[in-house]
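Each remark here refers to the structure printed beneath this line.
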There are 2 protein chains.
Amino acid sequence: MSIPRKPPEPKVIERFHHLAIRLLRGLKRVDEAHGFSGPRASALSVLVFRGPQSLGELAAAEGVKAPTMSRLVKAMQAEGLVEAEVTSHDQRQIRIVASPRGRRLMLKARELRLAAIATLFEKATPAEAKALETVVELLARSLDEA
Amino acid sequence: MSIPRKPPEPKVIERFHHLAIRLLRGLKRVDEAHGFSGPRASALSVLVFRGPQSLGELAAAEGVKAPTMSRLVKAMQAEGLVEAEVTSHDQRQIRIVASPRGRRLMLKARELRLAAIATLFEKATPAEAKALETVVELLARSLDEA
DNA sequence: GGATATTTGTTAGCATTGCTAACTGTTAGC
DNA sequence: GCTAACAGTTAGCAATGCTAACAAATATCC
């Protein structure tokens, strides 16, 4: 028994593409207005939601190479956003932790981003809200298996 | 007569946010795999779809300041992606045009991006395809009025 | 008509963020 | 224990964003 399929029109794909770009561009503005942006916010959310990470883990989570993350961590340390220390059992690794201040700022920034997105959907009808859920499910499935 | 409303759950917003980030990150990879990326592809699509632009217009369309676009145009000229010349009536302005090669490469890159997105939706059921259309409509409406 | 202001683009110089290559120190394996 | 592999750091390059300061052309205002 096969599942019925009906891929969306190319036109819809194009519009979706364009909208995704515009959305992220807008979010970038939200971040910049609030101070620390991009890589800092992203690395901090990993540290807050997944807990302390080694440099390698954090670099992998963010999809960047070790030297890039090394420099970012150093900068964030100087700004009091994270703390780093050598772990007990393996003297090579470092353990990076979000500082209370880093945690607070990240959560605030995240809140603003989510609020900005929520605004876009606030006028949704019940049917549209349901459609959004459906699309989120579909996208999550596709991205996870990719 | 008021329209019934039912904003989506915060959880759905969060997931949508996360998925949008993952999607764009993936597209960046697609671009990088193919050579020229980000600002070049984006500026070229403005030149191809809206036609020749002055430097100021192009900078505004891309949301960057004039010096940034000035440098980008110079680099793209050197790479044979665009051509620039002084306009007839106002000797201050330049008229930037996509070269045939720039046009071709941009269209190819765009095709790859859209194909990557299409892949995500190719297993959609008819109901899911309809839901995507609904969300695209809703998003477009919200972003346009913002 | 000519002095002054505005507009358009460029140049110079700085910050951030990505990379690779080369290095240091630590751990693991033979 | 010697050597190989691993974890991070440092140095240096490229791309992309910015502001400040400038040159040239055009508009504006007596």
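Following the order of the structure tokens, chains are lettered A, B, ..., residues in each are numbered from 1, and ligands are numbered from 1.
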Quick one: superpose chain A onto chain B using all C-alpha atoms paired in order, least squares, and give it to me as a CSV table (one decimal) with N, CA and C atoms, in the first residue's frame.
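This went into out12.csv:
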```csv
chain,number,residue,atom,x,y,z
A,1,MET,N,-17.9,41.6,11.4
A,1,MET,CA,-17.6,40.2,11.4
A,1,MET,C,-16.1,40.0,11.5
A,2,SER,N,-15.7,39.3,12.6
A,2,SER,CA,-14.3,39.2,12.8
A,2,SER,C,-13.7,37.8,12.3
A,3,ILE,N,-12.5,37.9,11.8
A,3,ILE,CA,-11.8,36.7,11.4
A,3,ILE,C,-11.4,35.8,12.6
A,4,PRO,N,-11.7,34.5,12.6
A,4,PRO,CA,-11.3,33.7,13.7
A,4,PRO,C,-9.8,33.5,13.7
A,5,ARG,N,-9.2,33.7,14.9
A,5,ARG,CA,-7.7,33.5,15.0
A,5,ARG,C,-7.3,32.5,16.0
A,6,LYS,N,-6.1,31.9,15.7
A,6,LYS,CA,-5.6,30.9,16.7
A,6,LYS,C,-4.1,30.8,16.4
A,7,PRO,N,-3.3,31.7,17.1
A,7,PRO,CA,-1.9,31.7,16.9
A,7,PRO,C,-1.4,30.3,17.2
A,8,PRO,N,-0.3,29.8,16.5
A,8,PRO,CA,0.3,28.5,16.8
A,8,PRO,C,0.9,28.5,18.2
A,9,GLU,N,1.1,27.3,18.7
A,9,GLU,CA,1.8,27.1,19.9
A,9,GLU,C,3.2,27.6,19.9
A,10,PRO,N,3.7,28.1,21.0
A,10,PRO,CA,5.1,28.5,21.1
A,10,PRO,C,6.1,27.4,20.6
A,11,LYS,N,5.7,26.1,21.0
A,11,LYS,CA,6.6,25.0,20.6
A,11,LYS,C,6.7,24.9,19.1
A,12,VAL,N,5.7,25.2,18.4
A,12,VAL,CA,5.7,25.1,16.9
A,12,VAL,C,6.6,26.2,16.4
A,13,ILE,N,6.5,27.4,17.0
A,13,ILE,CA,7.3,28.5,16.6
A,13,ILE,C,8.8,28.2,16.8
A,14,GLU,N,9.1,27.6,17.9
A,14,GLU,CA,10.5,27.2,18.2
A,14,GLU,C,11.0,26.2,17.1
A,15,ARG,N,10.2,25.3,16.8
A,15,ARG,CA,10.6,24.3,15.9
A,15,ARG,C,10.8,24.9,14.5
A,16,PHE,N,9.9,25.8,14.2
A,16,PHE,CA,10.0,26.5,12.9
A,16,PHE,C,11.3,27.3,12.8
A,17,HIS,N,11.6,28.0,13.9
A,17,HIS,CA,12.8,28.7,13.9
A,17,HIS,C,14.0,27.9,13.7
A,18,HIS,N,14.1,26.8,14.4
A,18,HIS,CA,15.2,25.9,14.3
A,18,HIS,C,15.3,25.3,12.9
A,19,LEU,N,14.2,25.0,12.3
A,19,LEU,CA,14.2,24.4,11.0
A,19,LEU,C,14.7,25.4,9.9
A,20,ALA,N,14.3,26.6,10.1
A,20,ALA,CA,14.7,27.7,9.2
A,20,ALA,C,16.2,27.9,9.2
A,21,ILE,N,16.8,27.8,10.4
A,21,ILE,CA,18.2,27.9,10.5
A,21,ILE,C,18.9,26.8,9.8
A,22,ARG,N,18.4,25.6,10.1
A,22,ARG,CA,19.0,24.4,9.5
A,22,ARG,C,18.9,24.4,7.9
A,23,LEU,N,17.8,24.9,7.5
A,23,LEU,CA,17.6,24.9,6.0
A,23,LEU,C,18.6,25.9,5.4
A,24,LEU,N,18.7,27.0,5.9
A,24,LEU,CA,19.6,28.0,5.3
A,24,LEU,C,21.0,27.6,5.4
A,25,ARG,N,21.4,26.9,6.5
A,25,ARG,CA,22.7,26.4,6.6
A,25,ARG,C,23.0,25.4,5.5
A,26,GLY,N,22.0,24.6,5.3
A,26,GLY,CA,22.2,23.6,4.2
A,26,GLY,C,22.3,24.2,2.8
A,27,LEU,N,21.6,25.3,2.6
A,27,LEU,CA,21.7,25.9,1.3
A,27,LEU,C,23.0,26.6,1.1
A,28,LYS,N,23.6,27.1,2.2
A,28,LYS,CA,24.9,27.6,2.1
A,28,LYS,C,25.9,26.6,1.6
A,29,ARG,N,25.7,25.4,2.1
A,29,ARG,CA,26.6,24.3,1.7
A,29,ARG,C,26.5,24.1,0.2
A,30,VAL,N,25.2,24.1,-0.3
A,30,VAL,CA,24.9,23.8,-1.7
A,30,VAL,C,25.7,24.9,-2.5
A,31,ASP,N,25.6,26.1,-2.0
A,31,ASP,CA,26.2,27.2,-2.8
A,31,ASP,C,27.7,27.0,-2.8
A,32,GLU,N,28.3,26.8,-1.6
A,32,GLU,CA,29.7,26.7,-1.5
A,32,GLU,C,30.3,25.5,-2.4
A,33,ALA,N,29.5,24.4,-2.5
A,33,ALA,CA,29.9,23.3,-3.3
A,33,ALA,C,30.0,23.7,-4.7
A,34,HIS,N,29.2,24.7,-5.1
A,34,HIS,CA,29.2,25.0,-6.5
A,34,HIS,C,30.0,26.2,-6.9
A,35,GLY,N,30.8,26.8,-6.0
A,35,GLY,CA,31.7,27.9,-6.3
A,35,GLY,C,31.3,29.2,-5.7
A,36,PHE,N,30.7,30.1,-6.5
A,36,PHE,CA,30.4,31.4,-6.0
A,36,PHE,C,29.2,31.4,-5.0
A,37,SER,N,29.3,32.1,-4.0
A,37,SER,CA,28.3,32.0,-2.9
A,37,SER,C,27.7,33.3,-2.4
A,38,GLY,N,26.8,33.3,-1.6
A,38,GLY,CA,26.2,34.4,-0.9
A,38,GLY,C,26.0,35.6,-1.6
A,39,PRO,N,26.7,36.7,-1.3
A,39,PRO,CA,26.5,38.0,-1.8
A,39,PRO,C,26.5,38.0,-3.4
A,40,ARG,N,27.4,37.3,-3.9
A,40,ARG,CA,27.5,37.3,-5.4
A,40,ARG,C,26.2,36.7,-6.0
A,41,ALA,N,25.8,35.6,-5.6
A,41,ALA,CA,24.6,35.0,-6.1
A,41,ALA,C,23.4,35.9,-5.9
A,42,SER,N,23.3,36.5,-4.7
A,42,SER,CA,22.2,37.3,-4.4
A,42,SER,C,22.2,38.6,-5.3
A,43,ALA,N,23.3,39.3,-5.4
A,43,ALA,CA,23.4,40.5,-6.2
A,43,ALA,C,23.1,40.2,-7.7
A,44,LEU,N,23.6,39.1,-8.1
A,44,LEU,CA,23.4,38.7,-9.5
A,44,LEU,C,21.9,38.4,-9.8
A,45,SER,N,21.2,37.8,-8.8
A,45,SER,CA,19.8,37.6,-9.1
A,45,SER,C,19.0,38.8,-9.2
A,46,VAL,N,19.4,39.8,-8.4
A,46,VAL,CA,18.8,41.1,-8.5
A,46,VAL,C,19.0,41.7,-9.9
A,47,LEU,N,20.2,41.6,-10.4
A,47,LEU,CA,20.5,42.2,-11.7
A,47,LEU,C,19.8,41.4,-12.8
A,48,VAL,N,19.7,40.1,-12.6
A,48,VAL,CA,19.0,39.3,-13.7
A,48,VAL,C,17.5,39.5,-13.7
A,49,PHE,N,16.9,39.5,-12.5
A,49,PHE,CA,15.5,39.5,-12.4
A,49,PHE,C,14.9,41.0,-12.4
A,50,ARG,N,15.6,41.9,-11.9
A,50,ARG,CA,15.1,43.3,-12.0
A,50,ARG,C,15.7,44.1,-13.1
A,51,GLY,N,16.8,43.6,-13.7
A,51,GLY,CA,17.4,44.3,-14.8
A,51,GLY,C,18.6,45.2,-14.2
A,52,PRO,N,19.3,45.9,-15.1
A,52,PRO,CA,20.4,46.7,-14.7
A,52,PRO,C,20.1,47.7,-13.5
A,53,GLN,N,21.0,47.9,-12.6
A,53,GLN,CA,20.8,48.7,-11.5
A,53,GLN,C,22.0,49.7,-11.3
A,54,SER,N,21.7,50.8,-10.6
A,54,SER,CA,22.8,51.7,-10.2
A,54,SER,C,23.4,51.0,-9.0
A,55,LEU,N,24.6,51.5,-8.6
A,55,LEU,CA,25.2,51.0,-7.4
A,55,LEU,C,24.3,51.2,-6.1
A,56,GLY,N,23.7,52.4,-6.0
A,56,GLY,CA,22.9,52.7,-4.9
A,56,GLY,C,21.7,51.8,-4.8
A,57,GLU,N,21.1,51.5,-6.0
A,57,GLU,CA,19.9,50.7,-6.0
A,57,GLU,C,20.3,49.3,-5.6
A,58,LEU,N,21.4,48.8,-6.1
A,58,LEU,CA,21.8,47.4,-5.9
A,58,LEU,C,22.1,47.3,-4.4
A,59,ALA,N,22.8,48.3,-3.8
A,59,ALA,CA,23.1,48.2,-2.4
A,59,ALA,C,21.9,48.2,-1.6
A,60,ALA,N,20.9,49.0,-1.9
A,60,ALA,CA,19.6,49.1,-1.2
A,60,ALA,C,18.9,47.7,-1.3
A,61,ALA,N,18.9,47.2,-2.5
A,61,ALA,CA,18.2,45.9,-2.7
A,61,ALA,C,18.8,44.8,-1.9
A,62,GLU,N,20.1,44.9,-1.7
A,62,GLU,CA,20.8,43.8,-0.9
A,62,GLU,C,20.9,44.2,0.6
A,63,GLY,N,20.4,45.4,0.9
A,63,GLY,CA,20.5,45.7,2.3
A,63,GLY,C,21.9,46.0,2.8
A,64,VAL,N,22.8,46.4,2.0
A,64,VAL,CA,24.1,46.8,2.4
A,64,VAL,C,24.4,48.2,2.1
A,65,LYS,N,25.5,48.8,2.6
A,65,LYS,CA,25.9,50.1,2.4
A,65,LYS,C,26.7,50.2,1.1
A,66,ALA,N,26.7,51.4,0.6
A,66,ALA,CA,27.4,51.7,-0.7
A,66,ALA,C,28.8,51.1,-0.8
A,67,PRO,N,29.7,51.4,0.2
A,67,PRO,CA,31.1,50.9,0.0
A,67,PRO,C,31.2,49.4,-0.1
A,68,THR,N,30.3,48.7,0.6
A,68,THR,CA,30.3,47.3,0.6
A,68,THR,C,30.0,46.8,-0.8
A,69,MET,N,28.9,47.4,-1.4
A,69,MET,CA,28.5,47.0,-2.8
A,69,MET,C,29.6,47.4,-3.8
A,70,SER,N,30.2,48.6,-3.6
A,70,SER,CA,31.2,49.0,-4.5
A,70,SER,C,32.3,48.0,-4.7
A,71,ARG,N,32.7,47.5,-3.5
A,71,ARG,CA,33.8,46.5,-3.5
A,71,ARG,C,33.4,45.2,-4.2
A,72,LEU,N,32.2,44.8,-3.8
A,72,LEU,CA,31.6,43.6,-4.4
A,72,LEU,C,31.5,43.6,-5.9
A,73,VAL,N,31.0,44.8,-6.4
A,73,VAL,CA,30.9,44.9,-7.8
A,73,VAL,C,32.2,44.9,-8.5
A,74,LYS,N,33.2,45.5,-7.9
A,74,LYS,CA,34.6,45.6,-8.5
A,74,LYS,C,35.1,44.1,-8.6
A,75,ALA,N,34.9,43.4,-7.5
A,75,ALA,CA,35.4,42.0,-7.5
A,75,ALA,C,34.6,41.2,-8.6
A,76,MET,N,33.3,41.4,-8.7
A,76,MET,CA,32.6,40.6,-9.7
A,76,MET,C,32.9,41.0,-11.1
A,77,GLN,N,33.3,42.3,-11.3
A,77,GLN,CA,33.8,42.7,-12.6
A,77,GLN,C,35.0,42.0,-13.0
A,78,ALA,N,35.9,41.9,-12.0
A,78,ALA,CA,37.2,41.2,-12.3
A,78,ALA,C,37.0,39.7,-12.6
A,79,GLU,N,35.9,39.2,-12.1
A,79,GLU,CA,35.6,37.8,-12.3
A,79,GLU,C,34.7,37.6,-13.6
A,80,GLY,N,34.4,38.7,-14.2
A,80,GLY,CA,33.6,38.6,-15.4
A,80,GLY,C,32.1,38.3,-15.2
A,81,LEU,N,31.6,38.6,-14.0
A,81,LEU,CA,30.2,38.3,-13.7
A,81,LEU,C,29.3,39.4,-14.0
A,82,VAL,N,29.8,40.6,-13.9
A,82,VAL,CA,29.0,41.8,-14.3
A,82,VAL,C,29.8,42.8,-15.1
A,83,GLU,N,29.1,43.7,-15.7
A,83,GLU,CA,29.8,44.8,-16.4
A,83,GLU,C,29.2,46.1,-15.8
A,84,ALA,N,30.0,47.2,-15.8
A,84,ALA,CA,29.5,48.4,-15.3
A,84,ALA,C,30.0,49.6,-16.2
A,85,GLU,N,29.1,50.6,-16.4
A,85,GLU,CA,29.5,51.7,-17.2
A,85,GLU,C,28.7,52.9,-16.7
A,86,VAL,N,29.3,54.1,-17.1
A,86,VAL,CA,28.7,55.3,-16.7
A,86,VAL,C,27.4,55.6,-17.5
A,87,THR,N,26.3,56.0,-16.9
A,87,THR,CA,25.1,56.2,-17.6
A,87,THR,C,25.2,57.5,-18.4
A,88,SER,N,24.3,57.7,-19.3
A,88,SER,CA,24.4,58.9,-20.2
A,88,SER,C,24.0,60.2,-19.5
A,89,HIS,N,22.9,60.3,-18.9
A,89,HIS,CA,22.4,61.5,-18.4
A,89,HIS,C,23.0,62.0,-17.0
A,90,ASP,N,23.4,61.0,-16.2
A,90,ASP,CA,24.0,61.5,-14.9
A,90,ASP,C,25.3,60.8,-14.8
A,91,GLN,N,26.3,61.6,-14.9
A,91,GLN,CA,27.7,61.1,-14.9
A,91,GLN,C,28.2,60.5,-13.6
A,92,ARG,N,27.3,60.7,-12.5
A,92,ARG,CA,27.7,60.2,-11.2
A,92,ARG,C,27.4,58.7,-11.1
A,93,GLN,N,26.3,58.4,-11.7
A,93,GLN,CA,25.8,57.0,-11.5
A,93,GLN,C,26.5,56.0,-12.4
A,94,ILE,N,26.5,54.8,-12.0
A,94,ILE,CA,27.0,53.7,-12.9
A,94,ILE,C,25.8,52.7,-13.1
A,95,ARG,N,25.9,52.1,-14.2
A,95,ARG,CA,24.8,51.1,-14.6
A,95,ARG,C,25.5,49.7,-14.6
A,96,ILE,N,25.0,48.9,-13.7
A,96,ILE,CA,25.6,47.6,-13.5
A,96,ILE,C,24.7,46.5,-14.2
A,97,VAL,N,25.3,45.7,-15.0
A,97,VAL,CA,24.6,44.7,-15.8
A,97,VAL,C,25.2,43.3,-15.5
A,98,ALA,N,24.4,42.3,-15.4
A,98,ALA,CA,24.9,40.9,-15.4
A,98,ALA,C,25.5,40.6,-16.7
A,99,SER,N,26.7,40.0,-16.7
A,99,SER,CA,27.2,39.5,-18.0
A,99,SER,C,26.6,38.2,-18.3
A,100,PRO,N,26.6,37.8,-19.6
A,100,PRO,CA,26.0,36.5,-20.0
A,100,PRO,C,26.6,35.4,-19.1
A,101,ARG,N,27.9,35.4,-18.8
A,101,ARG,CA,28.4,34.4,-17.9
A,101,ARG,C,27.9,34.4,-16.5
A,102,GLY,N,27.8,35.7,-16.0
A,102,GLY,CA,27.2,35.8,-14.7
A,102,GLY,C,25.8,35.3,-14.6
A,103,ARG,N,25.0,35.7,-15.6
A,103,ARG,CA,23.6,35.2,-15.7
A,103,ARG,C,23.5,33.7,-15.7
A,104,ARG,N,24.4,33.1,-16.5
A,104,ARG,CA,24.3,31.6,-16.6
A,104,ARG,C,24.7,31.0,-15.3
A,105,LEU,N,25.7,31.4,-14.7
A,105,LEU,CA,26.2,30.8,-13.4
A,105,LEU,C,25.1,31.0,-12.3
A,106,MET,N,24.6,32.2,-12.3
A,106,MET,CA,23.5,32.5,-11.3
A,106,MET,C,22.3,31.6,-11.4
A,107,LEU,N,21.9,31.4,-12.7
A,107,LEU,CA,20.7,30.6,-12.9
A,107,LEU,C,21.0,29.1,-12.5
A,108,LYS,N,22.2,28.7,-12.8
A,108,LYS,CA,22.6,27.3,-12.5
A,108,LYS,C,22.6,27.2,-10.9
A,109,ALA,N,23.2,28.1,-10.2
A,109,ALA,CA,23.3,28.0,-8.8
A,109,ALA,C,21.9,28.0,-8.2
A,110,ARG,N,21.1,28.9,-8.7
A,110,ARG,CA,19.7,29.0,-8.2
A,110,ARG,C,18.9,27.7,-8.4
A,111,GLU,N,19.2,27.1,-9.6
A,111,GLU,CA,18.5,25.8,-9.9
A,111,GLU,C,18.9,24.8,-8.8
A,112,LEU,N,20.2,24.8,-8.5
A,112,LEU,CA,20.7,23.8,-7.5
A,112,LEU,C,20.0,24.0,-6.1
A,113,ARG,N,19.9,25.3,-5.7
A,113,ARG,CA,19.3,25.6,-4.5
A,113,ARG,C,17.9,25.2,-4.4
A,114,LEU,N,17.1,25.5,-5.5
A,114,LEU,CA,15.7,25.2,-5.6
A,114,LEU,C,15.5,23.6,-5.6
A,115,ALA,N,16.4,23.0,-6.3
A,115,ALA,CA,16.4,21.5,-6.3
A,115,ALA,C,16.5,20.9,-4.9
A,116,ALA,N,17.5,21.5,-4.2
A,116,ALA,CA,17.7,21.1,-2.8
A,116,ALA,C,16.5,21.2,-2.0
A,117,ILE,N,15.8,22.3,-2.1
A,117,ILE,CA,14.6,22.5,-1.4
A,117,ILE,C,13.5,21.6,-1.8
A,118,ALA,N,13.4,21.5,-3.1
A,118,ALA,CA,12.3,20.6,-3.7
A,118,ALA,C,12.5,19.2,-3.2
A,119,THR,N,13.7,18.7,-3.0
A,119,THR,CA,14.0,17.4,-2.4
A,119,THR,C,13.3,17.2,-1.1
A,120,LEU,N,13.3,18.3,-0.3
A,120,LEU,CA,12.7,18.2,1.1
A,120,LEU,C,11.2,18.0,1.0
A,121,PHE,N,10.6,18.4,-0.1
A,121,PHE,CA,9.2,18.4,-0.1
A,121,PHE,C,8.7,17.3,-1.1
A,122,GLU,N,9.6,16.6,-1.7
A,122,GLU,CA,9.2,15.7,-2.7
A,122,GLU,C,8.3,14.5,-2.3
A,123,LYS,N,8.4,14.2,-1.0
A,123,LYS,CA,7.6,13.1,-0.5
A,123,LYS,C,6.3,13.6,0.1
A,124,ALA,N,5.9,14.8,-0.1
A,124,ALA,CA,4.7,15.4,0.5
A,124,ALA,C,3.5,14.7,0.0
A,125,THR,N,2.5,14.5,0.9
A,125,THR,CA,1.2,14.1,0.4
A,125,THR,C,0.5,15.3,-0.1
A,126,PRO,N,-0.6,15.0,-0.8
A,126,PRO,CA,-1.4,16.1,-1.3
A,126,PRO,C,-1.8,17.1,-0.2
A,127,ALA,N,-2.2,16.6,0.9
A,127,ALA,CA,-2.6,17.5,2.0
A,127,ALA,C,-1.4,18.4,2.5
A,128,GLU,N,-0.2,17.8,2.5
A,128,GLU,CA,1.0,18.5,3.0
A,128,GLU,C,1.4,19.6,1.9
A,129,ALA,N,1.2,19.2,0.7
A,129,ALA,CA,1.5,20.2,-0.4
A,129,ALA,C,0.6,21.4,-0.2
A,130,LYS,N,-0.6,21.1,0.1
A,130,LYS,CA,-1.6,22.2,0.3
A,130,LYS,C,-1.3,23.1,1.5
A,131,ALA,N,-0.8,22.4,2.6
A,131,ALA,CA,-0.5,23.1,3.8
A,131,ALA,C,0.7,24.0,3.5
A,132,LEU,N,1.7,23.5,2.7
A,132,LEU,CA,2.8,24.4,2.4
A,132,LEU,C,2.4,25.6,1.7
A,133,GLU,N,1.4,25.5,0.7
A,133,GLU,CA,0.9,26.6,0.0
A,133,GLU,C,0.3,27.6,1.0
A,134,THR,N,-0.5,27.1,1.9
A,134,THR,CA,-1.1,28.0,2.9
A,134,THR,C,-0.1,28.8,3.7
A,135,VAL,N,0.9,28.1,4.2
A,135,VAL,CA,2.0,28.7,5.0
A,135,VAL,C,2.7,29.8,4.2
A,136,VAL,N,3.0,29.4,2.9
A,136,VAL,CA,3.7,30.4,2.1
A,136,VAL,C,2.9,31.7,1.9
A,137,GLU,N,1.6,31.5,1.7
A,137,GLU,CA,0.7,32.7,1.6
A,137,GLU,C,0.7,33.5,2.8
A,138,LEU,N,0.6,32.8,4.0
A,138,LEU,CA,0.5,33.5,5.2
A,138,LEU,C,1.8,34.3,5.5
A,139,LEU,N,2.9,33.6,5.3
A,139,LEU,CA,4.2,34.2,5.5
A,139,LEU,C,4.5,35.4,4.6
A,140,ALA,N,4.1,35.3,3.4
A,140,ALA,CA,4.3,36.3,2.4
A,140,ALA,C,3.5,37.6,2.9
A,141,ARG,N,2.3,37.3,3.3
A,141,ARG,CA,1.4,38.4,3.7
A,141,ARG,C,2.1,39.1,4.9
A,142,SER,N,2.5,38.3,5.9
A,142,SER,CA,3.1,38.9,7.1
A,142,SER,C,4.4,39.7,6.9
A,143,LEU,N,5.2,39.1,6.0
A,143,LEU,CA,6.5,39.7,5.8
A,143,LEU,C,6.3,41.0,5.0
A,144,ASP,N,5.3,41.0,4.1
A,144,ASP,CA,5.1,42.2,3.2
A,144,ASP,C,4.6,43.3,4.0
A,145,GLU,N,3.8,43.0,5.0
A,145,GLU,CA,3.2,44.2,5.8
A,145,GLU,C,4.2,44.6,6.9
A,146,ALA,N,5.2,43.8,7.2
A,146,ALA,CA,6.1,44.2,8.2
A,146,ALA,C,7.1,45.2,7.8
```
Please check the contacts: residues of chain C at most 8 Å away from chain B, using only C-alpha atoms (C1' of nucleotides), listed as a list in words. DT8, DG9 and DT10 of chain C
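Using only C-alpha atoms (C1' of nucleotides), one finds that the residues of chain D close to chain A, at 8 Å or less, are DA7, DG8 and DT9 of chain D.
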Any chance you could export the current selection's N, CA and C atoms (P, O5', C5', C4', C3', O3' and C1' of nucleotides) as an mmCIF file, in the first residue's frame?
```cif
data_model
loop_
_atom_site.group_PDB
_atom_site.id
_atom_site.type_symbol
_atom_site.label_atom_id
_atom_site.label_comp_id
_atom_site.auth_asym_id
_atom_site.auth_seq_id
_atom_site.Cartn_x
_atom_site.Cartn_y
_atom_site.Cartn_z
ATOM 1 P P DA D 7 40.311 14.242 19.862
ATOM 2 O "O5'" DA D 7 41.068 15.468 20.552
ATOM 3 C "C5'" DA D 7 41.259 15.478 21.961
ATOM 4 C "C4'" DA D 7 41.583 16.890 22.434
ATOM 5 C "C3'" DA D 7 40.657 17.970 21.867
ATOM 6 O "O3'" DA D 7 40.342 18.878 22.911
ATOM 7 C "C1'" DA D 7 42.904 18.402 21.220
ATOM 8 P P DG D 8 39.226 20.010 22.727
ATOM 9 O "O5'" DG D 8 40.081 21.362 22.804
ATOM 10 C "C5'" DG D 8 41.384 21.298 22.435
ATOM 11 C "C4'" DG D 8 42.266 22.460 22.816
ATOM 12 C "C3'" DG D 8 41.806 23.827 22.341
ATOM 13 O "O3'" DG D 8 42.331 24.850 23.192
ATOM 14 C "C1'" DG D 8 43.692 23.091 21.085
ATOM 15 P P DT D 9 42.120 26.392 22.869
ATOM 16 O "O5'" DT D 9 43.508 26.769 22.166
ATOM 17 C "C5'" DT D 9 44.713 26.599 22.906
ATOM 18 C "C4'" DT D 9 45.884 27.192 22.141
ATOM 19 C "C3'" DT D 9 45.653 28.618 21.650
ATOM 20 O "O3'" DT D 9 46.792 29.394 21.997
ATOM 21 C "C1'" DT D 9 46.304 27.219 19.845
#
```
Taking only chain A into account, list the residues labelled strand (DSSP E) by DSSP (computed from the backbone), as number ranges by chain. A: 82-86, 94-98
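From C1' of DG2 (chain C) back to C1' of DA25 (chain D), the distance works out to 15.9 Å.
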Which of region 26-139 of chain A fall in helix (DSSP H, G or I), as number ranges by chain: A: 26-33, 39-50, 55-62, 66-78, 100-121, 126-139
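Of note, C1' of DT3 (chain D) and C1' of DT26 (chain C) are spaced 13.4 Å apart.
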Two-atom distance - C1' of DC2 (chain D), C1' of DA28 (chain C) (Å): 12.0 Å
Write out as a list in words which residues come within 12 Å of DA20 (chain D) when counting only C-alpha atoms (C1' of nucleotides), dropping same-chain ones fewer than 4 positions away. Pro67 of chain B; DT11, DA12, DG13 and DC14 of chain C
Selection from above, C-alpha atoms (C1' of nucleotides), as an mmCIF file, in the first residue's frame, can you write it?
```cif
data_model
loop_
_atom_site.group_PDB
_atom_site.id
_atom_site.type_symbol
_atom_site.label_atom_id
_atom_site.label_comp_id
_atom_site.auth_asym_id
_atom_site.auth_seq_id
_atom_site.Cartn_x
_atom_site.Cartn_y
_atom_site.Cartn_z
ATOM 1 C CA PRO B 67 31.118 50.851 0.041
ATOM 2 C "C1'" DT C 11 39.208 54.620 -1.061
ATOM 3 C "C1'" DA C 12 41.246 53.564 3.391
ATOM 4 C "C1'" DG C 13 41.096 51.296 7.467
ATOM 5 C "C1'" DC C 14 38.794 48.448 11.145
#
```
